[in-house]
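S.K.: Encoded as structure tokens, here's the structure I'll be asking about.
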Amino acid sequence: MDSSHITLILIVSTLLYHAIRRYIFFRSYPPGPRGPPFIGAAFEMPREKEWVTYDKWKRKYGPIVGLTSFGQPIVILNTAQLAQQVLNGRQNIYSDRPPFPMLEMMGFLDWNMGIMKSGPTLSLARRLFAQEFSPSGAAEYSDVHKEEVSMLLKRLGEEPSRFTWAIRRFNVGLILKIFYGLLVEDKEGHDDFVQLNDHVITATSLAGSPAAYLVNTFPFLKYWPSSFPGAAFKKDALEGLNLSERLVNAPHETLRERLARVDTLHRRSFLGKQATLQHGPDTELHQKAAHAAVATAYGAGVETSTSVLLTFILCMVHYPKVQRKAQADIDHVIAGRLPSLEDKETGKLPIIDAIVKECFRWRPPGNFALPHKLIQDDIVSGYMLPKDTVVMSNVWSILHDENEYPHPMEFNPDRFLNDKLQADPRDHVFGYGRRICPGRHLADRSLWLAIASILACFDILPERDEKGNVKYPTIDYTSGVMSRPKDFHCIIKPRK
Ligand code: HEM
């Protein structure tokens, strides 16, 4: 046998070996787009508006979808029952995170709890969060919520056309006060911290999406020289790194500068309380965990809540009947004063509870929560999921399931009122298991108070063109791990 025969036999047997392996793997793997050998469905993974593709796959393949991207198994859970059964029920093996190469290049791994692997820093950061922001812990910050909501109302009254800025400003103000004890100052309407937060989110929101950057599929590209062709992502990574360093450091620098003035505020903040605790040999770990907690809150906590409030404004423009009904309820129940968090606690305004839930359901800020990583082989619905599978919940499709939420595209808070009790979207929008959002109680309270107060004080209306015709804003959302309405216009004016 000559060498060309041997080469041919080697090639054929290698191909055969891979074909058999592939056949065996996919025989017990969930159905889904397959793509060519080795590449898999890498090029079918959506780069934009991920929820649209994931929903199509759900309709085509059913409750559980499995694909591979250059050998990386990825599974999408499409029903509420499966997501809860797997990500909550088996949280001991489904709570790690896969690598996020682009975000890691942007320095996020050092401080962002959302992408940290399981380990001592994450466990401690989560414990600190849980101690401080349990439902009763979050209630201790009610006065901060009240102060910041009244500032929000003032800004909306003064500059209604800048409502997007006012809303982000509100969320930044809340987080900086509660977590750092920092009072953010407005400088001619342009606040450094608000701008910084906006820039970081804009520059990095796509970086966490699996298919948005090739380096997320091929982590070795991290080492691709910046001078070689195709290295544009390195420029984005560097920009992200500079911004994320500023996001982490700027509040601490300002705190140091202002400490003499803001001492009381700082002492009762999350960071201030941590500084007074004695941690003995664990001091370094403790500091790292506390700093991760505050930086993640300033990054992710602001964007998610901003997204929900913008969704609320957008829906009030498009659904005036909902707005009028809610205002009538508020006027009837608490005539002559502003809504308070006590009204929430005593269940006085169920319509506001329902609007908050419907905003979460209609457009969840995270359409697929954040990906989890499986740490050992497991069987789900009879399918074999190998160790290291990336597992995502298809939150958007779960919350638009016609069987649970009839007419799901319609914004209809009534679905959560009276006897029409449909499943609570908060069981999904805040994620699952050991990675469930630790800021959820805080977020729930601030959103409730902001929404109730805006409705009590303002009418939210569509703009009109020069002929007086109503101009409804387009409903369009940004892509990426976190999604929010794209810029739109409307009229916000004090109620008569
Ligand atoms: C509308 C508001 C919010 C939504 C919808 C939201 C949603 C989420 C989701 C989906 C996750 C990932 C959960 C998972 O992997 O299963 C998450 C993680 C996280 N959220 Fe939130 N969040 C919100 C507000 C906040 C706020 C206000 C804070 C801080 C004050 C916060 C802090 C965090 C942190 C630290 C993590 C990382 C947890 C981990 O990976 O272990 N979030 N959030």
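Going through the structure tokens in order, the chains are called A, B, and so on, while each chain numbers its residues from 1 and the ligands are numbered from 1 in the order shown.
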If we count only C-alpha atoms and set the cut-off at 9 Å, which residues sit around stretch 109-114 of chain A, ignoring sequence neighbours fewer than 4 positions away in its own chain? Please answer as a list in words.
M.R.: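 Here the answer would be Arg97, Phe100, Leu103, Glu104, Met105, Thr121, Leu122, Ala125, Arg126, Val248, Lys288, Ala289, His291, Ala292, Ala293, Ala295, Thr296, Ala297, Gly299, Ala300, Leu370, Arg435 and Cys437 of chain A.
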S.K.: Residues near A:Arg495, anyone? I mean within 8 Å using only C-alpha atoms, not counting same-chain ones fewer than 5 positions away, as a CSV table (one decimal) with N, CA and C atoms, in the first residue's frame.
M.R.:
```csv
chain,number,residue,atom,x,y,z
A,456,ALA,N,-49.6,59.5,39.0
A,456,ALA,CA,-50.4,60.4,39.9
A,456,ALA,C,-50.2,61.9,39.4
A,457,CYS,N,-49.0,62.2,38.9
A,457,CYS,CA,-48.7,63.6,38.6
A,457,CYS,C,-48.8,64.0,37.1
A,458,PHE,N,-48.6,63.0,36.2
A,458,PHE,CA,-48.4,63.4,34.8
A,458,PHE,C,-49.4,62.6,33.8
A,459,ASP,N,-49.7,63.3,32.7
A,459,ASP,CA,-50.3,62.6,31.6
A,459,ASP,C,-49.2,62.3,30.6
```
S.K.: Between A:Cys315, A:Leu152, A:Leu221, A:Ile454, which one has atoms that come closest to A:Glu410, using only C-alpha atoms?
M.R.: A:Cys315
S.K.: So the first atom is atom CA of A:Lys234 and the second is atom 40 (O, counted along the ligand's line) of ligand 1; what is the distance between them in Å, to one decimal place?
M.R.: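 Distance reported for this atom pair: 25.3 Å.
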S.K.: Can you tell me which residues surround A:Gln376 at a distance of at most 7 Å, considering only C-alpha atoms, apart from same-chain residues fewer than 5 positions away, and format the answer as a PyMOL selection string?
M.R.: chain A and resi 93+386-388
S.K.: Could the residues in this selection be saved with C-alpha atoms as an mmCIF file, in the first residue's frame?
M.R.:
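Final output, saved to result02.cif:
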```cif
data_model
loop_
_atom_site.group_PDB
_atom_site.id
_atom_site.type_symbol
_atom_site.label_atom_id
_atom_site.label_comp_id
_atom_site.auth_asym_id
_atom_site.auth_seq_id
_atom_site.Cartn_x
_atom_site.Cartn_y
_atom_site.Cartn_z
ATOM 1 C CA ILE A 93 -25.333 21.911 39.014
ATOM 2 C CA PRO A 386 -23.060 17.125 28.581
ATOM 3 C CA LYS A 387 -20.983 18.897 31.251
ATOM 4 C CA ASP A 388 -20.178 22.528 30.281
#
```
S.K.: Please give me, as a PyMOL selection string, the residues lying within 8 Å of ligand 1 when counting only C-alpha atoms and all ligand atoms.
M.R.: chain A and resi 87+95+97+112-116+122+126+129+175+179+292-294+296-298+300-308+360+364-366+368-372+426+428-440+442-444+447
S.K.: Closest to A:His489 among A:Ile178, A:Ala423, A:Val317, A:Ile398, using only C-alpha atoms?
M.R.: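 Closest to A:His489, using only C-alpha atoms: A:Val317.
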S.K.: So which one's closest to A:Gly71, A:Thr254, A:Ser397, A:Thr389, A:Thr276? Using only C-alpha atoms, please.
M.R.: A:Thr389
S.K.: Taking the chain letters and numbering used in this document, name the residues of stretch 152-392 of chain A that DSSP puts in strand (DSSP E), as a list of chain:residue names.
M.R.: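 So, restricting stretch 152-392 of chain A to strand (DSSP E), we get A:His372, A:Lys373, A:Asp378, A:Ile379, A:Val380, A:Tyr383, A:Met384, A:Leu385, A:Val390, A:Val391, A:Met392.
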S.K.: Using Å and a single decimal, report how far atom CA of A:Ile375 sits from atom CA of A:Arg21.
M.R.: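 So the answer is 21.7 Å.
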S.K.: When you draw a straight line from atom CA of A:Arg22 to atom CA of A:Pro98, how long is it in Å?
M.R.: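 About the pair atom CA of A:Arg22 and atom CA of A:Pro98: they are 22.7 Å apart.
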S.K.: As a PyMOL selection string, please: the residues near stretch 199-211 of chain A (cut-off 6 Å, only C-alpha atoms, same-chain neighbours under 4 positions excluded).
M.R.: chain A and resi 45+47+102-103+216+243+480-481
S.K.: Next, dump the selected residues to file, keeping only N, CA and C atoms, as a short mmCIF file (atom, residue, chain, number, x, y, z; two decimals), in the first residue's frame.
M.R.:
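Just written: again-v9.cif:
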```
data_model
loop_
_atom_site.label_atom_id
_atom_site.label_comp_id
_atom_site.auth_asym_id
_atom_site.auth_seq_id
_atom_site.Cartn_x
_atom_site.Cartn_y
_atom_site.Cartn_z
N MET A 45 -26.83 31.41 14.92
CA MET A 45 -27.06 32.12 16.19
C MET A 45 -27.33 33.59 15.88
N ARG A 47 -27.42 37.54 15.84
CA ARG A 47 -26.54 38.63 16.30
C ARG A 47 -27.37 39.80 16.81
N MET A 102 -15.44 38.43 25.37
CA MET A 102 -15.37 39.86 25.04
C MET A 102 -15.50 40.70 26.32
N LEU A 103 -16.43 40.33 27.19
CA LEU A 103 -16.58 41.08 28.45
C LEU A 103 -15.34 40.91 29.32
N ASN A 216 -16.30 35.58 21.08
CA ASN A 216 -17.15 34.86 22.04
C ASN A 216 -17.29 33.39 21.65
N LEU A 243 -13.76 52.21 29.80
CA LEU A 243 -15.01 52.66 30.40
C LEU A 243 -15.33 51.88 31.67
N GLY A 480 -29.08 42.48 22.46
CA GLY A 480 -28.01 42.22 23.43
C GLY A 480 -28.54 41.56 24.69
N VAL A 481 -27.64 41.38 25.65
CA VAL A 481 -28.02 40.71 26.89
C VAL A 481 -29.11 41.51 27.60
#
```
S.K.: For each of A:Ile167, A:Leu310, A:Val184, A:Val12, take the minimum atom-to-atom distance to A:Asp476, counting only C-alpha atoms, then give the residue where this is smallest.
M.R.: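 Closest residue, counting only C-alpha atoms: A:Leu310.
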S.K.: When distances are computed from only C-alpha atoms, which of A:Leu153, A:Ala250, A:Ile74, A:Val52 shows the smallest separation from A:Val390?
M.R.: A:Ile74
S.K.: Might you pull out every residue within 10 Å of A:Gln323, with only C-alpha atoms counted and same-chain residues fewer than 2 positions away left off, and present them as a PyMOL selection string?
M.R.: chain A and resi 313+315-321+325-328+355+455+459-461
S.K.: Using only C-alpha atoms for the distances, tell me which of A:Trp448, A:Tyr383, A:Trp51, A:Tyr405 is nearest to A:Phe312.
M.R.: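 Residue with the minimum atom-to-atom distance to A:Phe312: A:Trp448.
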S.K.: I'd like to know which residues of stretch 409-438 of chain A are helix (DSSP H, G or I) (by DSSP, run on the backbone); could you write them as a ChimeraX atom specification?
M.R.: /A:413-416,426-429,433-435
S.K.: For the selection you just gave me, I'd like the residues written to a file as a compact mmCIF listing (two decimals), in the first residue's frame, keeping C-alpha atoms.
M.R.:
```
# COMPACT_ATOMS: atom_id res chain seq x y z
CA PRO A 413 -52.34 44.75 33.06
CA ASP A 414 -55.89 43.45 33.64
CA ARG A 415 -54.51 39.97 33.09
CA PHE A 416 -53.04 40.20 36.59
CA ARG A 426 -41.02 38.07 38.10
CA ASP A 427 -40.52 34.31 38.44
CA HIS A 428 -38.52 34.60 35.18
CA VAL A 429 -37.31 38.14 34.56
CA GLY A 433 -31.49 29.41 41.14
CA ARG A 434 -28.26 30.50 42.77
CA ARG A 435 -27.80 33.25 40.19
```
S.K.: Which residues of stretch 337-456 of chain A come within 9 Å of stretch 57-70 of chain A, and what is each one's closest atom pair and distance in Å (one decimal), counting only C-alpha atoms, sorted by chain and residue number, as JSON lines?
M.R.:
```
{"residue": "A:Val380", "atom": "CA", "partner": "A:Ile64", "partner_atom": "CA", "distance": 8.9}
{"residue": "A:Ser381", "atom": "CA", "partner": "A:Ile64", "partner_atom": "CA", "distance": 8.4}
{"residue": "A:Leu385", "atom": "CA", "partner": "A:Gly66", "partner_atom": "CA", "distance": 8.9}
{"residue": "A:Asn394", "atom": "CA", "partner": "A:Lys58", "partner_atom": "CA", "distance": 8.6}
{"residue": "A:Ser397", "atom": "CA", "partner": "A:Lys58", "partner_atom": "CA", "distance": 7.8}
```
S.K.: Can I get the selection written as a compact mmCIF listing (two decimals), in the first residue's frame, with C-alpha atoms?
M.R.:
```txt
# COMPACT_ATOMS: atom_id res chain seq x y z
CA VAL A 380 -33.44 16.69 30.88
CA SER A 381 -36.74 15.48 29.35
CA LEU A 385 -26.84 17.43 28.27
CA ASN A 394 -36.08 31.78 26.65
CA SER A 397 -41.10 33.32 24.67
```
S.K.: Which polymer residues have any atom within 10 Å of an atom of A:Ala166, counting only C-alpha atoms, with same-chain residues fewer than 2 positions away left out, as an MDAnalysis selection string?
M.R.: chainID A and resid 151:156 159:164 168:172 189 194 306
S.K.: Quick one: write out the picked residues with N, CA and C atoms as a compact mmCIF listing (two decimals), in the first residue's frame?
M.R.:
```txt
# COMPACT_ATOMS: atom_id res chain seq x y z
N MET A 151 -37.34 63.75 43.23
CA MET A 151 -36.43 64.44 42.29
C MET A 151 -36.79 64.07 40.84
N LEU A 152 -37.16 62.81 40.64
CA LEU A 152 -37.56 62.38 39.29
C LEU A 152 -38.77 63.19 38.82
N LEU A 153 -39.76 63.34 39.70
CA LEU A 153 -40.97 64.08 39.32
C LEU A 153 -40.62 65.54 39.00
N LYS A 154 -39.71 66.09 39.81
CA LYS A 154 -39.32 67.49 39.59
C LYS A 154 -38.65 67.62 38.21
N ARG A 155 -37.73 66.70 37.92
CA ARG A 155 -37.02 66.79 36.63
C ARG A 155 -37.98 66.58 35.45
N LEU A 156 -38.93 65.65 35.63
CA LEU A 156 -39.90 65.43 34.54
C LEU A 156 -40.74 66.68 34.32
N GLU A 159 -38.13 69.38 32.65
CA GLU A 159 -37.63 69.09 31.30
C GLU A 159 -38.26 67.79 30.78
N PRO A 160 -39.56 67.84 30.50
CA PRO A 160 -40.26 66.59 30.15
C PRO A 160 -39.69 65.89 28.91
N SER A 161 -39.14 66.68 27.96
CA SER A 161 -38.66 66.02 26.73
C SER A 161 -37.40 65.18 27.01
N ARG A 162 -36.76 65.43 28.16
CA ARG A 162 -35.55 64.65 28.48
C ARG A 162 -35.90 63.52 29.47
N PHE A 163 -37.06 62.88 29.24
CA PHE A 163 -37.50 61.87 30.20
C PHE A 163 -36.55 60.67 30.26
N THR A 164 -35.89 60.34 29.12
CA THR A 164 -34.98 59.19 29.13
C THR A 164 -33.81 59.47 30.07
N ARG A 168 -32.85 57.52 33.70
CA ARG A 168 -31.53 56.94 34.00
C ARG A 168 -30.92 57.67 35.22
N ARG A 169 -31.11 58.97 35.23
CA ARG A 169 -30.59 59.79 36.33
C ARG A 169 -31.18 59.33 37.67
N PHE A 170 -32.48 59.00 37.64
CA PHE A 170 -33.17 58.50 38.84
C PHE A 170 -32.54 57.20 39.32
N ASN A 171 -32.33 56.28 38.40
CA ASN A 171 -31.78 54.97 38.79
C ASN A 171 -30.32 55.08 39.25
N VAL A 172 -29.54 55.94 38.58
CA VAL A 172 -28.15 56.14 39.02
C VAL A 172 -28.15 56.77 40.42
N GLY A 189 -27.66 69.93 33.97
CA GLY A 189 -28.40 68.86 33.31
C GLY A 189 -27.53 67.72 32.83
N VAL A 194 -24.21 59.74 35.30
CA VAL A 194 -25.30 59.26 34.43
C VAL A 194 -24.73 58.98 33.04
N THR A 306 -33.94 51.02 34.25
CA THR A 306 -34.20 52.07 33.25
C THR A 306 -35.04 51.50 32.10
```
